[in-house]
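**Q** For reference, the file entry04.pdb (PDB, C-alpha atoms and all ligand atoms) is included below:
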```pdb
ATOM      1  CA  MET A   1      64.479  78.211 115.083
ATOM      2  CA  VAL A   2      66.222  81.538 114.621
ATOM      3  CA  GLU A   3      65.077  82.843 111.229
ATOM      4  CA  LEU A   4      67.392  83.990 108.446
ATOM      5  CA  GLY A   5      67.094  87.178 106.445
ATOM      6  CA  VAL A   6      69.501  87.163 103.509
ATOM      7  CA  ASN A   7      70.782  90.617 102.621
ATOM      8  CA  ILE A   8      71.239  90.666  98.829
ATOM      9  CA  ASP A   9      72.676  94.196  98.503
ATOM     10  CA  HIS A  10      75.976  92.757  97.317
ATOM     11  CA  ILE A  11      74.348  91.037  94.366
ATOM     12  CA  ALA A  12      73.439  94.571  93.280
ATOM     13  CA  THR A  13      76.971  95.779  94.124
ATOM     14  CA  LEU A  14      78.320  93.274  91.589
ATOM     15  CA  ARG A  15      75.702  94.294  89.013
ATOM     16  CA  GLU A  16      76.586  97.966  89.487
ATOM     17  CA  ALA A  17      80.273  97.199  88.831
ATOM     18  CA  ARG A  18      79.240  97.052  85.144
ATOM     19  CA  LYS A  19      75.982  99.057  85.413
ATOM     20  CA  GLY A  20      74.227  96.201  83.612
ATOM     21  CA  ALA A  21      71.459  93.740  84.378
ATOM     22  CA  VAL A  22      73.447  90.823  85.797
ATOM     23  CA  PRO A  23      73.630  89.317  88.300
ATOM     24  CA  SER A  24      69.889  89.705  88.769
ATOM     25  CA  VAL A  25      68.746  90.708  92.232
ATOM     26  CA  LEU A  26      65.388  89.033  91.611
ATOM     27  CA  GLU A  27      67.011  85.756  90.558
ATOM     28  CA  ALA A  28      69.203  85.880  93.675
ATOM     29  CA  ALA A  29      66.142  86.433  95.857
ATOM     30  CA  ARG A  30      64.420  83.433  94.243
ATOM     31  CA  VAL A  31      67.449  81.203  94.900
ATOM     32  CA  CYS A  32      67.559  82.335  98.550
ATOM     33  CA  GLU A  33      63.824  81.668  98.935
ATOM     34  CA  ALA A  34      64.157  78.204  97.396
ATOM     35  CA  ALA A  35      67.106  77.458  99.705
ATOM     36  CA  GLY A  36      64.902  78.189 102.720
ATOM     37  CA  ALA A  37      65.622  81.815 103.645
ATOM     38  CA  HIS A  38      62.826  83.264 105.741
ATOM     39  CA  GLN A  39      63.246  86.828 104.557
ATOM     40  CA  ILE A  40      65.013  88.952 101.945
ATOM     41  CA  THR A  41      66.726  92.079 103.246
ATOM     42  CA  VAL A  42      67.621  95.044 101.034
ATOM     43  CA  HIS A  43      68.976  98.493 101.842
ATOM     44  CA  LEU A  44      67.882 101.291  99.528
ATOM     45  CA  ARG A  45      70.631 103.778 100.312
ATOM     46  CA  GLN A  46      70.129 107.455  99.575
ATOM     47  CA  ASP A  47      73.089 107.336  97.141
ATOM     48  CA  ARG A  48      71.594 104.219  95.422
ATOM     49  CA  ARG A  49      75.069 102.678  95.293
ATOM     50  CA  HIS A  50      73.740  99.113  95.011
ATOM     51  CA  ILE A  51      69.991  98.512  95.337
ATOM     52  CA  HIS A  52      67.930 100.793  93.071
ATOM     53  CA  ASP A  53      64.292 101.833  93.322
ATOM     54  CA  HIS A  54      63.213  99.407  90.566
ATOM     55  CA  ASP A  55      64.707  96.499  92.583
ATOM     56  CA  ILE A  56      62.503  97.389  95.524
ATOM     57  CA  TYR A  57      59.331  97.544  93.439
ATOM     58  CA  THR A  58      60.170  94.314  91.578
ATOM     59  CA  LEU A  59      60.957  92.434  94.790
ATOM     60  CA  ARG A  60      57.835  93.728  96.501
ATOM     61  CA  GLU A  61      55.734  92.203  93.705
ATOM     62  CA  ALA A  62      57.651  88.954  93.351
ATOM     63  CA  LEU A  63      58.808  87.898  96.829
ATOM     64  CA  ARG A  64      57.058  84.989  98.486
ATOM     65  CA  VAL A  65      58.897  85.513 101.776
ATOM     66  CA  ARG A  66      58.981  88.684 103.880
ATOM     67  CA  MET A  67      60.763  91.803 102.682
ATOM     68  CA  ASN A  68      62.910  93.588 105.265
ATOM     69  CA  PHE A  69      63.578  97.083 103.956
ATOM     70  CA  GLU A  70      66.645  98.697 105.542
ATOM     71  CA  MET A  71      66.467 102.457 105.411
ATOM     72  CA  ALA A  72      67.570 105.777 106.798
ATOM     73  CA  ALA A  73      64.705 107.559 108.558
ATOM     74  CA  VAL A  74      64.682 110.462 106.080
ATOM     75  CA  PRO A  75      61.597 111.853 104.298
ATOM     76  CA  GLU A  76      62.455 110.596 100.781
ATOM     77  CA  ILE A  77      62.957 106.989 101.875
ATOM     78  CA  ILE A  78      60.109 107.050 104.410
ATOM     79  CA  ALA A  79      57.771 107.992 101.524
ATOM     80  CA  ILE A  80      59.006 105.004  99.471
ATOM     81  CA  ALA A  81      58.500 102.653 102.446
ATOM     82  CA  HIS A  82      54.965 103.964 102.927
ATOM     83  CA  GLU A  83      54.251 103.307  99.261
ATOM     84  CA  ILE A  84      55.647  99.787  98.987
ATOM     85  CA  THR A  85      54.622  98.625 102.500
ATOM     86  CA  PRO A  86      57.315  95.993 103.142
ATOM     87  CA  TYR A  87      56.720  93.508 105.963
ATOM     88  CA  THR A  88      59.367  95.259 108.058
ATOM     89  CA  VAL A  89      61.504  98.346 107.850
ATOM     90  CA  CYS A  90      64.810  98.342 109.683
ATOM     91  CA  LEU A  91      65.892 101.866 110.576
ATOM     92  CA  VAL A  92      69.654 102.296 110.172
ATOM     93  CA  PRO A  93      72.048 105.235 110.314
ATOM     94  CA  GLU A  94      73.477 106.226 106.957
ATOM     95  CA  ASN A  95      76.624 108.108 106.174
ATOM     96  CA  ARG A  96      77.452 108.758 102.521
ATOM     97  CA  THR A  97      81.183 108.126 102.959
ATOM     98  CA  GLU A  98      80.895 104.797 104.817
ATOM     99  CA  VAL A  99      81.711 101.511 103.089
ATOM    100  CA  THR A 100      78.947  99.754 105.032
ATOM    101  CA  THR A 101      76.667 100.594 107.964
ATOM    102  CA  GLU A 102      79.258 101.413 110.589
ATOM    103  CA  GLY A 103      77.368 101.749 113.839
ATOM    104  CA  GLY A 104      73.902 101.487 115.262
ATOM    105  CA  LEU A 105      71.346 104.255 115.220
ATOM    106  CA  ASP A 106      71.585 106.716 118.121
ATOM    107  CA  VAL A 107      67.983 106.318 119.284
ATOM    108  CA  THR A 108      68.480 108.162 122.585
ATOM    109  CA  ALA A 109      69.329 111.341 120.646
ATOM    110  CA  GLN A 110      66.170 111.278 118.502
ATOM    111  CA  GLN A 111      63.647 109.188 120.396
ATOM    112  CA  ASP A 112      60.619 111.428 119.790
ATOM    113  CA  ARG A 113      61.285 111.791 116.054
ATOM    114  CA  LEU A 114      61.767 108.040 115.669
ATOM    115  CA  ALA A 115      58.568 107.385 117.642
ATOM    116  CA  GLU A 116      56.743 109.406 114.950
ATOM    117  CA  VAL A 117      58.407 107.347 112.198
ATOM    118  CA  VAL A 118      57.333 104.147 113.992
ATOM    119  CA  GLN A 119      53.758 105.442 114.280
ATOM    120  CA  GLY A 120      53.667 106.292 110.571
ATOM    121  CA  MET A 121      54.833 102.783 109.665
ATOM    122  CA  HIS A 122      52.408 101.111 112.080
ATOM    123  CA  ALA A 123      49.540 103.140 110.604
ATOM    124  CA  ARG A 124      50.321 101.368 107.302
ATOM    125  CA  GLY A 125      50.709  97.907 108.837
ATOM    126  CA  ILE A 126      54.527  97.895 108.564
ATOM    127  CA  LYS A 127      56.574  96.460 111.439
ATOM    128  CA  VAL A 128      59.602  98.436 112.597
ATOM    129  CA  SER A 129      62.998  97.195 113.661
ATOM    130  CA  ILE A 130      65.779  99.519 114.838
ATOM    131  CA  PHE A 131      69.452  98.708 114.280
ATOM    132  CA  ILE A 132      71.379  99.643 117.425
ATOM    133  CA  ASP A 133      74.696  99.030 119.099
ATOM    134  CA  PRO A 134      74.493  96.544 121.999
ATOM    135  CA  ASP A 135      73.871  99.223 124.624
ATOM    136  CA  ILE A 136      71.130  99.040 127.273
ATOM    137  CA  ASP A 137      70.246 102.753 126.948
ATOM    138  CA  GLN A 138      69.734 102.316 123.193
ATOM    139  CA  VAL A 139      67.550  99.252 123.845
ATOM    140  CA  ASP A 140      65.416 101.232 126.320
ATOM    141  CA  ALA A 141      65.087 104.190 123.947
ATOM    142  CA  SER A 142      64.067 101.799 121.137
ATOM    143  CA  ILE A 143      61.401 100.239 123.359
ATOM    144  CA  ALA A 144      60.105 103.749 124.121
ATOM    145  CA  THR A 145      59.659 104.475 120.382
ATOM    146  CA  GLY A 146      57.153 101.604 120.132
ATOM    147  CA  ALA A 147      59.361  99.610 117.713
ATOM    148  CA  ASP A 148      58.560  95.915 117.260
ATOM    149  CA  SER A 149      62.164  94.721 117.359
ATOM    150  CA  VAL A 150      65.747  95.780 117.787
ATOM    151  CA  GLU A 151      68.547  94.400 115.636
ATOM    152  CA  LEU A 152      71.737  94.362 117.690
ATOM    153  CA  HIS A 153      74.823  95.341 115.689
ATOM    154  CA  THR A 154      77.187  92.362 115.836
ATOM    155  CA  GLY A 155      79.966  94.055 113.833
ATOM    156  CA  ALA A 156      82.184  94.895 116.823
ATOM    157  CA  TYR A 157      81.904  91.271 118.037
ATOM    158  CA  ALA A 158      82.661  89.986 114.529
ATOM    159  CA  ASN A 159      85.716  92.201 114.075
ATOM    160  CA  ALA A 160      87.258  91.616 117.524
ATOM    161  CA  GLU A 161      89.554  88.792 118.577
ATOM    162  CA  GLY A 162      90.445  87.049 121.849
ATOM    163  CA  ALA A 163      89.532  88.912 125.046
ATOM    164  CA  ALA A 164      88.106  91.855 123.071
ATOM    165  CA  ARG A 165      85.709  89.492 121.329
ATOM    166  CA  ASP A 166      84.681  87.992 124.692
ATOM    167  CA  ALA A 167      83.953  91.530 125.949
ATOM    168  CA  GLU A 168      81.864  92.343 122.864
ATOM    169  CA  PHE A 169      79.973  89.078 123.242
ATOM    170  CA  ALA A 170      79.272  89.916 126.909
ATOM    171  CA  ARG A 171      77.682  93.210 125.751
ATOM    172  CA  LEU A 172      75.454  91.279 123.315
ATOM    173  CA  ARG A 173      74.468  88.811 126.034
ATOM    174  CA  ALA A 174      73.655  91.569 128.566
ATOM    175  CA  CYS A 175      71.399  93.259 125.989
ATOM    176  CA  ALA A 176      69.770  89.940 125.049
ATOM    177  CA  GLU A 177      68.932  89.315 128.718
ATOM    178  CA  HIS A 178      67.562  92.851 129.090
ATOM    179  CA  ILE A 179      65.451  92.576 125.909
ATOM    180  CA  ALA A 180      63.973  89.274 127.143
ATOM    181  CA  LYS A 181      62.286  91.187 129.996
ATOM    182  CA  HIS A 182      60.464  93.514 127.590
ATOM    183  CA  PRO A 183      57.832  93.135 124.861
ATOM    184  CA  ILE A 184      60.202  93.755 121.955
ATOM    185  CA  ALA A 185      61.749  91.152 119.643
ATOM    186  CA  PHE A 186      65.479  90.506 119.387
ATOM    187  CA  HIS A 187      67.289  90.336 116.023
ATOM    188  CA  ALA A 188      71.015  90.480 115.238
ATOM    189  CA  GLY A 189      73.154  91.254 112.247
ATOM    190  CA  HIS A 190      76.304  92.597 110.632
ATOM    191  CA  GLY A 191      79.565  90.791 110.087
ATOM    192  CA  LEU A 192      78.086  87.383 110.886
ATOM    193  CA  THR A 193      79.726  84.440 109.129
ATOM    194  CA  VAL A 194      79.737  80.641 109.142
ATOM    195  CA  LYS A 195      82.678  80.889 111.546
ATOM    196  CA  ASN A 196      81.317  83.337 114.138
ATOM    197  CA  LEU A 197      77.548  82.746 114.014
ATOM    198  CA  ALA A 198      77.098  79.856 116.492
ATOM    199  CA  PRO A 199      77.518  81.783 119.806
ATOM    200  CA  VAL A 200      75.273  84.601 118.578
ATOM    201  CA  ALA A 201      72.616  82.144 117.384
ATOM    202  CA  ALA A 202      72.529  80.664 120.899
ATOM    203  CA  LEU A 203      71.825  84.011 122.612
ATOM    204  CA  PRO A 204      68.597  83.874 124.643
ATOM    205  CA  GLY A 205      65.475  85.071 122.831
ATOM    206  CA  LEU A 206      67.088  85.639 119.427
ATOM    207  CA  ARG A 207      64.449  85.458 116.680
ATOM    208  CA  GLU A 208      66.218  86.564 113.489
ATOM    209  CA  VAL A 209      69.629  87.220 111.952
ATOM    210  CA  ASN A 210      70.320  89.216 108.803
ATOM    211  CA  ILE A 211      73.407  88.128 106.895
ATOM    212  CA  GLY A 212      74.692  89.448 103.580
ATOM    213  CA  HIS A 213      78.388  89.759 102.857
ATOM    214  CA  ASP A 214      79.514  86.320 104.013
ATOM    215  CA  ILE A 215      76.728  84.526 102.139
ATOM    216  CA  VAL A 216      77.378  86.407  98.892
ATOM    217  CA  ALA A 217      81.163  85.987  99.292
ATOM    218  CA  ARG A 218      80.869  82.225  99.894
ATOM    219  CA  SER A 219      78.447  81.888  96.986
ATOM    220  CA  ILE A 220      81.361  82.544  94.612
ATOM    221  CA  PHE A 221      82.899  79.249  95.683
ATOM    222  CA  ILE A 222      79.980  77.034  96.704
ATOM    223  CA  GLY A 223      76.944  78.643  95.056
ATOM    224  CA  LEU A 224      74.282  80.872  96.580
ATOM    225  CA  SER A 225      71.881  78.084  97.481
ATOM    226  CA  ASN A 226      74.591  76.157  99.371
ATOM    227  CA  ALA A 227      75.790  79.329 101.106
ATOM    228  CA  VAL A 228      72.260  80.011 102.386
ATOM    229  CA  GLN A 229      71.764  76.389 103.392
ATOM    230  CA  GLU A 230      74.969  76.168 105.413
ATOM    231  CA  ILE A 231      73.871  79.185 107.483
ATOM    232  CA  LEU A 232      70.409  77.638 107.930
ATOM    233  CA  ALA A 233      72.039  74.398 109.109
ATOM    234  CA  LEU A 234      73.966  76.348 111.758
ATOM    235  CA  LEU A 235      70.776  78.099 112.897
ATOM    236  CA  ARG A 236      69.025  74.752 113.273
TER     237      ARG A 236
HETATM  238  N1  LIG B 301      71.822  94.190 109.289
HETATM  239  C1  LIG B 301      71.946  95.509 108.991
HETATM  240  C2  LIG B 301      71.050  96.471 109.694
HETATM  241  C3  LIG B 301      72.867  95.951 108.028
HETATM  242  O1  LIG B 301      72.982  97.260 107.748
HETATM  243  C4  LIG B 301      73.661  94.995 107.359
HETATM  244  C5  LIG B 301      74.625  95.428 106.286
HETATM  245  O2  LIG B 301      73.945  96.016 105.240
HETATM  246  C6  LIG B 301      73.481  93.643 107.678
HETATM  247  C7  LIG B 301      72.578  93.270 108.671
HETATM  248  C8  LIG B 301      74.261  92.566 106.997
HETATM  249  O3  LIG B 301      75.616  92.705 107.308
HETATM  250  P1  LIG B 301      76.656  91.770 106.552
HETATM  251  O4  LIG B 301      76.598  92.142 105.094
HETATM  252  O5  LIG B 301      77.957  92.131 107.199
HETATM  253  O6  LIG B 301      76.241  90.356 106.785
END
```
The structure given in the file should be rewritten as structure tokens.
Ligand code: PXP
**A**
Amino acid sequence: MVELGVNIDHIATLREARKGAVPSVLEAARVCEAAGAHQITVHLRQDRRHIHDHDIYTLREALRVRMNFEMAAVPEIIAIAHEITPYTVCLVPENRTEVTTEGGLDVTAQQDRLAEVVQGMHARGIKVSIFIDPDIDQVDASIATGADSVELHTGAYANAEGAARDAEFARLRACAEHIAKHPIAFHAGHGLTVKNLAPVAALPGLREVNIGHDIVARSIFIGLSNAVQEILALLR
């Protein structure tokens, strides 16, 4: 089945609204694990707006499932990744003024530098995913870096309607078919919800989705465990 990484950044967003200790990111991770999530995803942003360094160290010790560490490929965060050795890092672009990750990483513009980042992670046994827009050139550049997987940005698909959504889905499908011909794994994420997940989950070769906002938002009404389980049911 397509595996689920639950992004729990927004548990920390709620905690940071009062700068206190609740809701606990660790407790949220445990609930997601118990509900059947295959992976916990966290983004340690350079501005530390939600997840903090201590969350990363605590989760690294306590998680039973894989940790997917989303990060900007900048020296400070690369050093933290090398120290904690998560199962995977997912390289994302980061812009201090954005509300959330807005676009994919421009790999074509920095292929050689990213290849060095990939090598440094591989030397420490860490797998590397790269978050990119559904664009064949970006897929090819990601393959050339030696990355283990690409995560296709599904935000444009999620935000579009009608014919525009069909066009965005066609871009995802074209990339999925291209990826299937190469030795690199296919992940997807951003903006995925119980309502829009099914067509994406059926894309050829998809191995993993990372979902955060919709699960945390639905957890207010149905509980975190149920919110994780309803996504898992769709993936099955
Ligand atoms: N994948 C990546 C690379 C992301 O940056 C994000 C958002 O942090 C997600 C998945 C999850 O997106 P959403 O919160 O919209 O489900």
**Q** Throw together the list of residues within 7 Å of ligand LIG 301 (chain B), counting all atoms listed in the file, and drop it here as an MDAnalysis selection string.
**A** chainID A and resid 7 43 70 90 92 100:101 131 151 189:192 210:214
**Q** Can you pull out the residues contacting Ala29 (chain A)? Cut-off 9 Å, using all atoms listed in the file, and skip same-chain residues under 4 positions away; I want them as an NGL selection string.
**A** :A and (6 or 8 or 24-25 or 33-34 or 40 or 59 or 63)
**Q** In file coordinates, which residues lie within 12 Å of (59.6, 108.0, 126.6) using only C-alpha atoms, given as a list in words?
**A**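 It turns out the residues near that spot are Val107, Thr108, Ala109, Gln110, Gln111, Asp112, Arg113, Leu114, Ala115, Asp137, Asp140, Ala141, Ser142, Ile143, Ala144, Thr145 and Gly146 of chain A.
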**Q** Go ahead and write the residues just picked, C-alpha atoms, as a compact mmCIF listing (two decimals), in the frame of the given file.
**A**
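Output saved as out-v8.txt:
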```txt
# COMPACT_ATOMS: atom_id res chain seq x y z
CA VAL A 107 67.98 106.32 119.28
CA THR A 108 68.48 108.16 122.58
CA ALA A 109 69.33 111.34 120.65
CA GLN A 110 66.17 111.28 118.50
CA GLN A 111 63.65 109.19 120.40
CA ASP A 112 60.62 111.43 119.79
CA ARG A 113 61.28 111.79 116.05
CA LEU A 114 61.77 108.04 115.67
CA ALA A 115 58.57 107.38 117.64
CA ASP A 137 70.25 102.75 126.95
CA ASP A 140 65.42 101.23 126.32
CA ALA A 141 65.09 104.19 123.95
CA SER A 142 64.07 101.80 121.14
CA ILE A 143 61.40 100.24 123.36
CA ALA A 144 60.10 103.75 124.12
CA THR A 145 59.66 104.48 120.38
CA GLY A 146 57.15 101.60 120.13
```
**Q** Since I can't run it myself right now, could you work out what the PyMOL selection byres (((chain A and resi 174) around 12) and not hetatm) selects here and report it as JSON, numbers by chain?
**A** {"A": [134, 135, 136, 137, 139, 152, 167, 168, 169, 170, 171, 172, 173, 175, 176, 177, 178, 179, 180, 181, 203, 204, 205]}
**Q** Within 12 Å of (68.2, 76.1, 112.6) (file coordinates; all atoms listed in the file), which protein or nucleic acid residues are there? I'd like them as a VMD selection string.
**A** chain A and resid 1 to 4 36 to 38 197 to 198 201 to 202 206 to 209 228 to 236
**Q** Could you complete region 133-144 of chain A so that it carries N, CA, C and O atoms, and give it back as a PDB file, keeping the file's coordinate frame?
**A**
```
ATOM      1  N   ASP A 133      73.545  99.660 118.459  1.00  0.00           N
ATOM      2  CA  ASP A 133      74.696  99.030 119.099  1.00  0.00           C
ATOM      3  C   ASP A 133      74.208  98.300 120.354  1.00  0.00           C
ATOM      4  O   ASP A 133      73.178  98.680 120.926  1.00  0.00           O
ATOM      5  N   PRO A 134      74.934  97.274 120.805  1.00  0.00           N
ATOM      6  CA  PRO A 134      74.493  96.544 121.999  1.00  0.00           C
ATOM      7  C   PRO A 134      74.701  97.373 123.265  1.00  0.00           C
ATOM      8  O   PRO A 134      75.689  97.209 123.982  1.00  0.00           O
ATOM      9  N   ASP A 135      73.776  98.255 123.530  1.00  0.00           N
ATOM     10  CA  ASP A 135      73.871  99.223 124.624  1.00  0.00           C
ATOM     11  C   ASP A 135      72.482  99.311 125.269  1.00  0.00           C
ATOM     12  O   ASP A 135      71.486  99.525 124.571  1.00  0.00           O
ATOM     13  N   ILE A 136      72.426  99.121 126.582  1.00  0.00           N
ATOM     14  CA  ILE A 136      71.130  99.040 127.273  1.00  0.00           C
ATOM     15  C   ILE A 136      70.321 100.329 127.085  1.00  0.00           C
ATOM     16  O   ILE A 136      69.102 100.287 126.903  1.00  0.00           O
ATOM     17  N   ASP A 137      70.982 101.484 127.129  1.00  0.00           N
ATOM     18  CA  ASP A 137      70.246 102.753 126.948  1.00  0.00           C
ATOM     19  C   ASP A 137      69.598 102.816 125.565  1.00  0.00           C
ATOM     20  O   ASP A 137      68.487 103.330 125.408  1.00  0.00           O
ATOM     21  N   GLN A 138      70.301 102.314 124.557  1.00  0.00           N
ATOM     22  CA  GLN A 138      69.734 102.316 123.193  1.00  0.00           C
ATOM     23  C   GLN A 138      68.560 101.328 123.110  1.00  0.00           C
ATOM     24  O   GLN A 138      67.568 101.596 122.433  1.00  0.00           O
ATOM     25  N   VAL A 139      68.675 100.207 123.807  1.00  0.00           N
ATOM     26  CA  VAL A 139      67.550  99.252 123.845  1.00  0.00           C
ATOM     27  C   VAL A 139      66.336  99.932 124.475  1.00  0.00           C
ATOM     28  O   VAL A 139      65.222  99.898 123.932  1.00  0.00           O
ATOM     29  N   ASP A 140      66.542 100.594 125.622  1.00  0.00           N
ATOM     30  CA  ASP A 140      65.416 101.232 126.320  1.00  0.00           C
ATOM     31  C   ASP A 140      64.789 102.336 125.469  1.00  0.00           C
ATOM     32  O   ASP A 140      63.556 102.462 125.419  1.00  0.00           O
ATOM     33  N   ALA A 141      65.622 103.115 124.805  1.00  0.00           N
ATOM     34  CA  ALA A 141      65.087 104.190 123.947  1.00  0.00           C
ATOM     35  C   ALA A 141      64.304 103.577 122.783  1.00  0.00           C
ATOM     36  O   ALA A 141      63.250 104.106 122.388  1.00  0.00           O
ATOM     37  N   SER A 142      64.775 102.463 122.244  1.00  0.00           N
ATOM     38  CA  SER A 142      64.067 101.799 121.137  1.00  0.00           C
ATOM     39  C   SER A 142      62.705 101.292 121.604  1.00  0.00           C
ATOM     40  O   SER A 142      61.704 101.434 120.896  1.00  0.00           O
ATOM     41  N   ILE A 143      62.674 100.711 122.805  1.00  0.00           N
ATOM     42  CA  ILE A 143      61.401 100.239 123.359  1.00  0.00           C
ATOM     43  C   ILE A 143      60.433 101.420 123.467  1.00  0.00           C
ATOM     44  O   ILE A 143      59.258 101.322 123.090  1.00  0.00           O
ATOM     45  N   ALA A 144      60.956 102.563 123.922  1.00  0.00           N
ATOM     46  CA  ALA A 144      60.105 103.749 124.121  1.00  0.00           C
ATOM     47  C   ALA A 144      59.547 104.292 122.799  1.00  0.00           C
ATOM     48  O   ALA A 144      58.517 104.961 122.794  1.00  0.00           O
TER      49      ALA A 144
END
```
